[in-house]
>>> print(open('model-v7.txt').read())   # compact mmCIF, C-alpha atoms
# COMPACT_ATOMS: atom_id res chain seq x y z
CA MET A 1 35.61 2.51 -119.03
CA PRO A 2 33.29 5.45 -118.15
CA LYS A 3 30.62 6.32 -120.68
CA LEU A 4 29.93 9.88 -121.85
CA LEU A 5 26.20 9.24 -122.20
CA THR A 6 23.72 8.05 -119.64
CA SER A 7 20.08 8.01 -120.68
CA SER A 8 20.94 7.58 -124.36
CA ASP A 9 23.34 4.67 -123.93
CA THR A 10 20.82 1.89 -124.49
CA ALA A 11 19.25 3.51 -127.54
CA LEU A 12 22.67 4.36 -128.94
CA LYS A 13 24.02 0.84 -128.72
CA SER A 14 20.80 -0.49 -130.19
CA SER A 15 21.08 1.99 -133.05
CA GLY A 16 24.71 1.03 -133.67
CA ALA A 17 23.87 -2.67 -133.64
CA THR A 18 20.95 -2.16 -136.02
CA THR A 19 23.15 -0.15 -138.38
CA SER A 20 25.80 -2.87 -138.33
CA ARG A 21 23.24 -5.59 -139.15
CA PHE A 22 21.90 -3.54 -142.05
CA LEU A 23 25.40 -2.97 -143.41
CA ILE A 24 26.44 -6.61 -143.20
CA SER A 25 23.21 -7.76 -144.85
CA PHE A 26 23.43 -5.38 -147.80
CA GLU A 27 27.21 -5.72 -148.19
CA THR A 28 27.08 -9.51 -148.39
CA GLN A 29 24.28 -9.54 -150.95
CA THR A 30 25.58 -6.85 -153.28
CA THR A 31 29.38 -6.85 -153.35
CA ARG A 32 29.58 -9.08 -156.47
CA THR A 33 26.89 -7.10 -158.29
CA LEU A 34 28.58 -3.77 -157.59
CA THR A 35 31.99 -5.12 -158.56
CA SER A 36 30.60 -6.17 -161.95
CA PHE A 37 28.85 -2.82 -162.32
CA LEU A 38 32.03 -0.84 -161.69
CA ARG A 39 33.95 -2.67 -164.38
CA THR A 40 31.69 -0.90 -166.90
CA THR A 41 31.94 2.58 -165.42
CA THR A 42 34.04 5.36 -166.84
CA PRO A 43 37.38 6.21 -165.20
CA HIS A 44 37.25 8.38 -162.11
CA ARG A 45 37.70 12.10 -162.38
CA LEU A 46 38.05 15.06 -160.11
CA HIS A 47 34.80 16.94 -160.40
CA SER A 48 35.32 20.66 -159.96
CA THR A 49 33.50 23.35 -161.85
CA GLY A 50 34.68 26.24 -159.70
CA THR A 51 37.81 28.38 -159.76
CA ALA A 52 38.87 27.89 -156.14
CA PRO A 53 42.03 25.79 -155.56
CA SER A 54 41.18 22.21 -154.62
CA SER A 55 42.48 20.49 -151.48
CA VAL A 56 42.25 17.10 -153.23
CA SER A 57 45.41 15.19 -154.07
CA ALA A 58 45.30 13.54 -157.50
CA ASP A 59 47.35 10.60 -156.21
CA GLU A 60 45.04 10.09 -153.23
CA LEU A 61 42.00 10.35 -155.52
CA SER A 62 43.38 7.69 -157.82
CA HIS A 63 44.28 5.39 -154.92
CA PHE A 64 40.85 5.43 -153.28
CA SER A 65 38.93 5.32 -156.55
CA ALA A 66 40.77 2.10 -157.36
CA LEU A 67 39.25 0.57 -154.20
CA ALA A 68 35.67 1.31 -155.34
CA SER A 69 34.79 -2.25 -156.35
CA SER A 70 35.55 -3.54 -152.83
CA TRP A 71 34.31 -0.51 -150.87
CA TRP A 72 31.22 -2.31 -149.56
CA ASP A 73 32.96 -5.62 -148.88
CA PRO A 74 32.98 -5.87 -145.04
CA MET A 75 36.05 -8.13 -145.24
CA GLY A 76 37.84 -6.10 -147.93
CA PRO A 77 40.32 -3.18 -147.87
CA SER A 78 37.74 -0.89 -146.21
CA ARG A 79 37.05 -3.35 -143.40
CA VAL A 80 38.46 -1.08 -140.68
CA LEU A 81 36.07 1.70 -141.75
CA HIS A 82 33.08 -0.63 -141.55
CA LEU A 83 34.14 -1.71 -138.07
CA MET A 84 34.66 1.88 -136.90
CA ASN A 85 31.34 3.15 -138.23
CA PRO A 86 29.14 2.50 -135.14
CA LEU A 87 31.68 4.38 -133.02
CA ARG A 88 31.31 7.42 -135.28
CA HIS A 89 27.60 7.54 -134.41
CA GLU A 90 28.42 7.15 -130.73
CA PHE A 91 30.96 9.98 -130.74
CA ILE A 92 28.59 12.36 -132.53
CA ALA A 93 25.86 11.53 -130.01
CA SER A 94 28.23 12.32 -127.14
CA CYS A 95 29.02 15.70 -128.71
CA LEU A 96 25.32 16.53 -128.99
CA ALA A 97 24.77 15.48 -125.39
CA GLU A 98 27.50 17.85 -124.16
CA GLY A 99 26.68 20.78 -126.45
CA PRO A 100 23.23 20.78 -128.10
CA PRO A 101 22.81 22.90 -131.26
CA MET A 102 21.55 26.45 -130.81
CA HIS A 103 17.96 25.83 -131.95
CA ASP A 104 17.62 23.12 -129.28
CA GLN A 105 17.57 25.84 -126.64
CA GLN A 106 14.07 26.85 -127.72
CA GLN A 107 11.19 24.42 -127.45
CA GLN A 108 9.50 23.79 -130.79
CA PRO A 109 5.69 23.89 -131.27
CA GLY A 110 4.17 20.54 -130.34
CA GLN A 111 7.39 19.35 -128.73
CA LEU A 112 7.08 17.81 -125.28
CA GLN A 113 9.44 18.88 -122.51
CA GLY A 114 12.69 16.92 -122.83
CA GLN A 115 11.62 15.33 -126.12
CA GLU A 116 14.34 15.10 -128.77
CA GLN A 117 13.60 15.76 -132.43
CA ALA A 118 15.30 14.61 -135.62
CA ASN A 119 15.99 18.15 -136.77
CA LEU A 120 19.74 18.21 -137.50
CA HIS A 121 21.15 18.69 -140.99
CA TYR A 122 24.46 16.98 -141.79
CA LEU A 123 27.22 17.52 -144.34
CA ASP A 124 29.66 14.63 -144.82
CA VAL A 125 32.86 15.79 -146.53
CA GLY A 126 34.93 13.14 -148.30
CA CYS A 127 32.20 10.50 -148.05
CA GLY A 128 33.98 7.97 -150.29
CA GLY A 129 31.65 5.09 -151.15
CA GLY A 130 29.16 6.15 -148.49
CA ILE A 131 29.84 3.86 -145.51
CA PHE A 132 29.06 6.54 -142.92
CA ALA A 133 26.68 8.64 -145.03
CA GLU A 134 24.38 5.74 -145.85
CA SER A 135 24.29 4.49 -142.27
CA LEU A 136 23.36 7.99 -141.11
CA ALA A 137 20.69 8.29 -143.80
CA ARG A 138 19.17 5.07 -142.50
CA THR A 139 18.48 6.86 -139.19
CA ILE A 140 16.35 9.58 -140.81
CA PRO A 141 12.77 9.00 -139.59
CA SER A 142 10.30 7.79 -142.20
CA LYS A 143 6.56 7.16 -142.36
CA GLU A 144 7.19 3.54 -141.43
CA ASN A 145 9.70 4.26 -138.67
CA LYS A 146 9.53 7.51 -136.72
CA THR A 147 12.21 6.51 -134.19
CA VAL A 148 14.62 9.34 -133.34
CA THR A 149 18.18 8.07 -132.86
CA PRO A 150 20.85 9.87 -130.77
CA THR A 151 22.32 11.48 -133.93
CA ARG A 152 18.88 13.07 -134.57
CA THR A 153 19.35 13.21 -138.34
CA ALA A 154 16.87 15.14 -140.47
CA SER A 155 18.94 15.24 -143.67
CA ILE A 156 22.42 14.52 -144.97
CA THR A 157 24.40 15.85 -147.91
CA ALA A 158 27.52 13.82 -148.79
CA LEU A 159 30.39 15.10 -150.95
CA ASP A 160 33.28 13.35 -152.67
CA PRO A 161 35.51 14.44 -155.58
CA SER A 162 35.65 10.91 -157.06
CA SER A 163 32.87 10.27 -159.57
CA THR A 164 33.59 6.53 -159.31
CA LEU A 165 33.02 6.47 -155.55
CA ILE A 166 29.93 8.66 -155.75
CA GLN A 167 28.52 6.31 -158.38
CA ILE A 168 29.00 3.22 -156.23
CA ALA A 169 27.61 5.09 -153.21
CA ARG A 170 24.42 5.93 -155.09
CA GLU A 171 24.05 2.43 -156.48
CA HIS A 172 24.44 0.84 -153.05
CA ALA A 173 22.05 3.32 -151.40
CA ARG A 174 19.30 2.45 -153.88
CA ILE A 175 19.31 -1.17 -152.70
CA ASP A 176 17.69 -0.22 -149.39
CA PRO A 177 14.09 0.96 -150.05
CA THR A 178 14.16 3.33 -147.07
CA VAL A 179 17.43 4.99 -148.08
CA ASP A 180 16.30 5.08 -151.71
CA THR A 181 13.19 6.98 -150.61
CA HIS A 182 15.36 9.52 -148.80
CA LEU A 183 17.43 9.93 -151.99
CA ARG A 184 14.32 10.52 -154.11
CA THR A 185 12.80 12.98 -151.64
CA GLY A 186 16.04 14.93 -151.23
CA TRP A 187 16.57 14.28 -147.53
CA PHE A 188 19.70 12.38 -148.54
CA SER A 189 21.93 13.38 -151.45
CA TYR A 190 25.33 12.50 -152.89
CA GLN A 191 27.22 15.23 -154.73
CA ASN A 192 30.30 14.70 -156.90
CA ARG A 193 32.14 17.86 -155.99
CA THR A 194 34.87 19.25 -153.76
CA LEU A 195 34.47 21.21 -150.56
CA GLU A 196 35.85 24.27 -152.34
CA ASP A 197 33.16 23.92 -155.02
CA LEU A 198 30.44 23.94 -152.38
CA ILE A 199 31.96 26.98 -150.66
CA GLU A 200 32.16 28.87 -153.94
CA SER A 201 28.60 28.05 -155.00
CA SER A 202 27.34 28.98 -151.55
CA SER A 203 29.06 32.36 -151.69
CA ASP A 204 27.48 33.03 -155.10
CA SER A 205 24.02 32.18 -153.76
CA SER A 206 21.78 34.70 -152.04
CA GLU A 207 21.13 32.13 -149.31
CA LYS A 208 24.04 31.15 -147.08
CA LYS A 209 24.18 27.36 -146.81
CA GLN A 210 25.14 26.03 -143.38
CA PHE A 211 24.71 22.73 -141.50
CA ASP A 212 24.23 21.67 -137.89
CA ILE A 213 26.92 18.99 -138.15
CA VAL A 214 29.81 18.79 -140.62
CA THR A 215 31.79 15.54 -140.59
CA LEU A 216 35.15 14.64 -142.12
CA PHE A 217 36.17 11.13 -141.15
CA GLU A 218 39.64 9.99 -142.20
CA VAL A 219 40.00 13.02 -144.50
CA LEU A 220 42.41 15.46 -142.87
CA GLU A 221 45.46 13.24 -143.42
CA HIS A 222 44.79 13.06 -147.17
CA ILE A 223 44.81 16.79 -148.05
CA ASP A 224 47.14 17.86 -150.84
CA PRO A 225 49.79 20.12 -149.23
CA SER A 226 50.79 21.56 -152.63
CA THR A 227 47.40 23.23 -153.18
CA SER A 228 45.93 23.58 -149.70
CA SER A 229 46.64 23.05 -146.00
CA PRO A 230 44.78 21.54 -143.05
CA LEU A 231 44.23 25.07 -141.71
CA ALA A 232 42.66 26.33 -144.95
CA PHE A 233 40.57 23.17 -145.27
CA LEU A 234 39.27 23.32 -141.69
CA THR A 235 38.53 27.04 -142.03
CA ASN A 236 36.35 26.29 -145.04
CA CYS A 237 34.59 23.49 -143.14
CA LEU A 238 33.86 25.78 -140.20
CA ARG A 239 32.30 28.37 -142.49
CA LEU A 240 29.64 25.77 -143.30
CA VAL A 241 28.83 25.07 -139.62
CA LYS A 242 25.90 26.88 -138.09
CA PRO A 243 26.49 28.80 -134.84
CA GLY A 244 26.16 26.25 -132.05
CA GLY A 245 26.83 23.40 -134.49
CA TRP A 246 29.68 20.88 -134.55
CA LEU A 247 32.57 20.05 -136.87
CA VAL A 248 33.40 16.40 -136.18
CA GLY A 249 36.27 14.35 -137.57
CA SER A 250 38.72 11.53 -137.08
CA THR A 251 42.34 11.21 -138.08
CA ILE A 252 45.67 9.72 -136.98
CA ALA A 253 48.36 11.17 -134.71
CA ARG A 254 51.91 11.51 -136.07
CA SER A 255 53.77 9.38 -133.55
CA PHE A 256 56.02 6.32 -133.50
CA PRO A 257 53.18 3.98 -132.39
CA SER A 258 51.01 5.23 -135.27
CA PHE A 259 53.85 4.70 -137.75
CA LEU A 260 54.32 1.16 -136.51
CA VAL A 261 50.60 0.29 -136.45
CA ASN A 262 49.10 2.32 -139.32
CA GLN A 263 52.00 2.28 -141.75
CA VAL A 264 54.16 -0.79 -141.13
CA ILE A 265 51.65 -3.35 -139.81
CA ALA A 266 48.37 -2.14 -141.39
CA GLU A 267 49.94 -1.90 -144.86
CA ALA A 268 51.93 -5.14 -144.60
CA PRO A 269 51.16 -7.93 -147.08
CA TRP A 270 48.20 -10.20 -146.39
CA PRO A 271 47.38 -11.81 -143.94
CA ILE A 272 48.99 -9.26 -141.60
CA GLY A 273 47.95 -6.04 -143.30
CA VAL A 274 44.37 -4.72 -143.36
CA VAL A 275 44.66 -1.82 -145.86
CA PRO A 276 46.36 -1.54 -149.27
CA ARG A 277 49.93 -0.22 -149.41
CA GLY A 278 49.96 3.52 -150.06
CA THR A 279 46.78 4.25 -148.09
CA HIS A 280 48.66 6.31 -145.51
CA GLU A 281 51.53 8.76 -145.57
CA TRP A 282 52.95 9.17 -142.07
CA SER A 283 54.19 12.72 -142.69
CA LYS A 284 50.58 13.80 -143.32
CA PHE A 285 49.32 12.47 -139.98
CA VAL A 286 48.25 15.25 -137.61
CA ASN A 287 48.49 15.48 -133.84
CA PRO A 288 45.56 16.52 -131.62
CA ASP A 289 47.22 19.75 -130.49
CA GLU A 290 47.73 20.72 -134.15
CA VAL A 291 44.07 20.12 -135.00
CA LYS A 292 42.98 22.11 -131.96
CA ALA A 293 45.20 25.05 -132.93
CA TRP A 294 43.96 24.94 -136.53
CA VAL A 295 40.26 24.90 -135.63
CA GLN A 296 40.75 27.77 -133.18
CA GLU A 297 42.49 29.74 -135.92
CA GLY A 298 39.76 28.69 -138.34
CA LEU A 299 37.05 29.98 -136.02
CA MET A 300 38.77 33.35 -135.85
CA ARG A 301 39.30 33.53 -139.61
CA GLY A 302 35.71 32.50 -140.20
CA ARG A 303 34.53 35.29 -137.93
CA ASP A 304 36.14 38.15 -139.89
CA GLY A 305 36.04 36.46 -143.30
CA THR A 306 39.69 37.16 -144.07
CA ALA A 307 43.07 35.53 -143.54
CA GLU A 308 43.67 37.81 -140.57
CA LYS A 309 42.97 36.74 -137.02
CA ALA A 310 39.92 38.15 -135.34
CA GLY A 311 39.93 38.65 -131.60
CA SER A 312 39.60 35.92 -129.00
CA GLU A 313 35.88 36.72 -128.83
CA ALA A 314 35.53 34.46 -131.89
CA LEU A 315 36.26 31.51 -129.58
CA GLN A 316 33.62 32.39 -127.00
CA GLY A 317 31.10 29.60 -126.58
CA SER A 318 33.20 27.13 -128.54
CA MET A 319 33.98 23.64 -127.21
CA TRP A 320 36.80 21.20 -127.99
CA LYS A 321 36.48 17.44 -127.63
CA CYS A 322 39.08 14.78 -128.39
CA GLU A 323 39.18 11.04 -127.62
CA GLY A 324 41.53 8.28 -128.72
CA VAL A 325 40.23 5.06 -130.26
CA MET A 326 41.95 1.70 -130.43
CA TYR A 327 41.22 -1.51 -132.29
CA PHE A 328 41.06 -4.74 -130.29
CA PRO A 329 41.01 -7.97 -132.34
CA GLY A 330 37.77 -9.81 -131.73
CA LEU A 331 36.19 -6.81 -130.01
CA GLY A 332 36.45 -4.02 -132.56
CA TRP A 333 37.09 -0.32 -132.03
CA GLU A 334 36.73 1.19 -128.57
CA ILE A 335 37.14 4.72 -127.22
CA VAL A 336 40.21 4.80 -124.97
CA LYS A 337 40.62 8.15 -123.26
CA GLY A 338 44.21 9.29 -123.06
CA SER A 339 45.32 7.42 -126.17
CA GLU A 340 44.89 10.38 -128.52
CA ASP A 341 48.63 10.72 -129.17
CA TRP A 342 49.14 7.02 -129.92
CA GLY A 343 47.25 6.71 -133.20
CA ASN A 344 43.61 7.01 -134.27
CA TYR A 345 41.39 9.53 -132.53
CA PHE A 346 38.10 11.39 -132.84
CA TRP A 347 37.99 15.14 -132.46
CA ALA A 348 35.25 17.78 -132.55
CA VAL A 349 34.79 21.50 -132.13
CA ARG A 350 31.53 23.26 -131.37
CA LYS A 351 31.13 26.66 -132.99
CA GLY A 352 30.20 29.43 -130.56
CA VAL A 353 26.72 30.89 -130.74
>>> encode(input="model-v7.txt", output="structure tokens")
Amino acid sequence: MPKLLTSSDTALKSSGATTSRFLISFETQTTRTLTSFLRTTTPHRLHSTGTAPSSVSADELSHFSALASSWWDPMGPSRVLHLMNPLRHEFIASCLAEGPPMHDQQQQPGQLQGQEQANLHYLDVGCGGGIFAESLARTIPSKENKTVTPTRTASITALDPSSTLIQIAREHARIDPTVDTHLRTGWFSYQNRTLEDLIESSSDSSEKKQFDIVTLFEVLEHIDPSTSSPLAFLTNCLRLVKPGGWLVGSTIARSFPSFLVNQVIAEAPWPIGVVPRGTHEWSKFVNPDEVKAWVQEGLMRGRDGTAEKAGSEALQGSMWKCEGVMYFPGLGWEIVKGSEDWGNYFWAVRKGV
């Protein structure tokens, strides 16, 4: 299978392997402690202090909050997310290799020709218990380790509407001294709020808050259609992306193979199933062509700031990227080009400069 990266391949695989070893080590040591801790926490709630309609489904919130005690168990209900995590880093790195952020086009003071810097600011929407967010935070350079990984992370802000999941994410992050330092210094933060809350607070602020990379992994198929829509949600996400930055996500195509694999088999009773029943709703799955149409519409709406379409000039300089991923027992998740319509896939759009 052809690789998207060349010179970064070795470093990328090394980074992914290192992240996996860290995760397994911390997960094994702390699952029982965190499970006991969560039994004493207060019930989950939807944290929203703003007036904007929320895209969060109460049923979905309840379902995933109930999984909090096993979120960091690498063999538990979130096992497929743990296994997919290194591939998330790899896909982001491939996006950056194909379309570097706008400020990369100018050489920074003291920067050598061709030298990459950890200067990208991330927003992770729907972070859950922090599987991706924490692994990304671990790549932020520190005094002890100044290595720049292919994701080139300088900071990460992670959002989730479940107070229970945010609590377990914070508790788990504090176990790693390096990640805990990033939490205390502000380079890494968890916020119990919705995307709409962040948008509203940003609009009230004199300073417009935007990020180089906005991620939403396994989020799009869980939006509440009674209060929002994928188009409205993606439009809000794109408003938080800097010009030249990327909106990166993963979801599941609405096809017969995905119904068979993700609904029937994946949610079957143990030992066949790998996720709890009720995790997925096939009618909410979204096809790649739908996501592409929505992000193009979102870019145009974001350009004029209204619900009306701007001209096609809003799409100038934008890039679309989509790749299918498949799970192979014993091997894990692999990118399989051309399989986007079968089931799980990564997608990304680069905002024009």
>>> closest_residue(input="model-v7.txt", among="A:Asp160, A:Glu340, A:Asp180, A:Glu200", to="Asp124 (chain A)", atoms="all atoms listed in the file")
A:Asp160
>>> residues_around(input="model-v7.txt", residues="Val219 (chain A)", least_positions_apart="5", cutoff="10 Å", atoms="all atoms listed in the file", output="ChimeraX atom specification")
/A:56,125-128,230,249-252
>>> atom_distance(input="model-v7.txt", atom1="CA of Asp204 (chain A)", atom2="CA of Ile223 (chain A)")
24.8 Å
>>> closest_residue(input="model-v7.txt", among="A:Pro101, A:Phe217, A:Gln296, A:Glu171", to="Leu81 (chain A)", atoms="all atoms listed in the file")
A:Phe217
>>> atom_distance(input="model-v7.txt", atom1="CA of Gly324 (chain A)", atom2="CA of Arg277 (chain A)")
23.9 Å
>>> atom_distance(input="model-v7.txt", atom1="CA of Glu323 (chain A)", atom2="CA of Lys337 (chain A)")
5.4 Å
>>> build_atoms(input="model-v7.txt", residues="region 72-93 of chain A", atoms="N, CA and C atoms", output="compact mmCIF listing (two decimals), in the frame of the given file")
# COMPACT_ATOMS: atom_id res chain seq x y z
N TRP A 72 32.30 -1.80 -150.41
CA TRP A 72 31.22 -2.31 -149.56
C TRP A 72 31.43 -3.76 -149.14
N ASP A 73 32.62 -4.28 -149.35
CA ASP A 73 32.96 -5.62 -148.88
C ASP A 73 33.42 -5.52 -147.43
N PRO A 74 32.64 -6.02 -146.46
CA PRO A 74 32.98 -5.87 -145.04
C PRO A 74 34.27 -6.58 -144.65
N MET A 75 34.79 -7.45 -145.52
CA MET A 75 36.05 -8.13 -145.24
C MET A 75 37.15 -7.66 -146.18
N GLY A 76 36.88 -6.60 -146.95
CA GLY A 76 37.84 -6.10 -147.93
C GLY A 76 38.74 -5.02 -147.39
N PRO A 77 39.37 -4.23 -148.28
CA PRO A 77 40.32 -3.18 -147.87
C PRO A 77 39.72 -2.10 -146.97
N SER A 78 38.39 -1.91 -147.05
CA SER A 78 37.74 -0.89 -146.21
C SER A 78 37.16 -1.48 -144.93
N ARG A 79 37.61 -2.66 -144.56
CA ARG A 79 37.05 -3.35 -143.40
C ARG A 79 37.15 -2.52 -142.12
N VAL A 80 38.29 -1.84 -141.92
CA VAL A 80 38.46 -1.08 -140.68
C VAL A 80 37.46 0.07 -140.60
N LEU A 81 37.07 0.62 -141.75
CA LEU A 81 36.07 1.70 -141.75
C LEU A 81 34.69 1.16 -141.39
N HIS A 82 34.36 -0.01 -141.90
CA HIS A 82 33.08 -0.63 -141.55
C HIS A 82 33.01 -0.90 -140.04
N LEU A 83 34.11 -1.38 -139.49
CA LEU A 83 34.14 -1.71 -138.07
C LEU A 83 34.08 -0.45 -137.19
N MET A 84 34.64 0.65 -137.68
CA MET A 84 34.66 1.88 -136.90
C MET A 84 33.35 2.65 -136.98
N ASN A 85 32.52 2.33 -137.96
CA ASN A 85 31.34 3.15 -138.23
C ASN A 85 30.39 3.33 -137.04
N PRO A 86 30.03 2.28 -136.30
CA PRO A 86 29.14 2.50 -135.14
C PRO A 86 29.72 3.47 -134.12
N LEU A 87 31.05 3.48 -133.98
CA LEU A 87 31.68 4.38 -133.02
C LEU A 87 31.57 5.83 -133.47
N ARG A 88 31.50 6.06 -134.76
CA ARG A 88 31.31 7.42 -135.28
C ARG A 88 29.96 7.96 -134.80
N HIS A 89 28.93 7.14 -134.90
CA HIS A 89 27.60 7.54 -134.41
C HIS A 89 27.65 7.84 -132.91
N GLU A 90 28.34 6.99 -132.19
CA GLU A 90 28.42 7.15 -130.73
C GLU A 90 29.14 8.44 -130.35
N PHE A 91 30.21 8.76 -131.06
CA PHE A 91 30.96 9.98 -130.74
C PHE A 91 30.13 11.22 -131.05
N ILE A 92 29.45 11.23 -132.19
CA ILE A 92 28.59 12.36 -132.53
C ILE A 92 27.51 12.55 -131.46
N ALA A 93 26.91 11.45 -131.03
CA ALA A 93 25.86 11.53 -130.01
C ALA A 93 26.40 12.12 -128.71
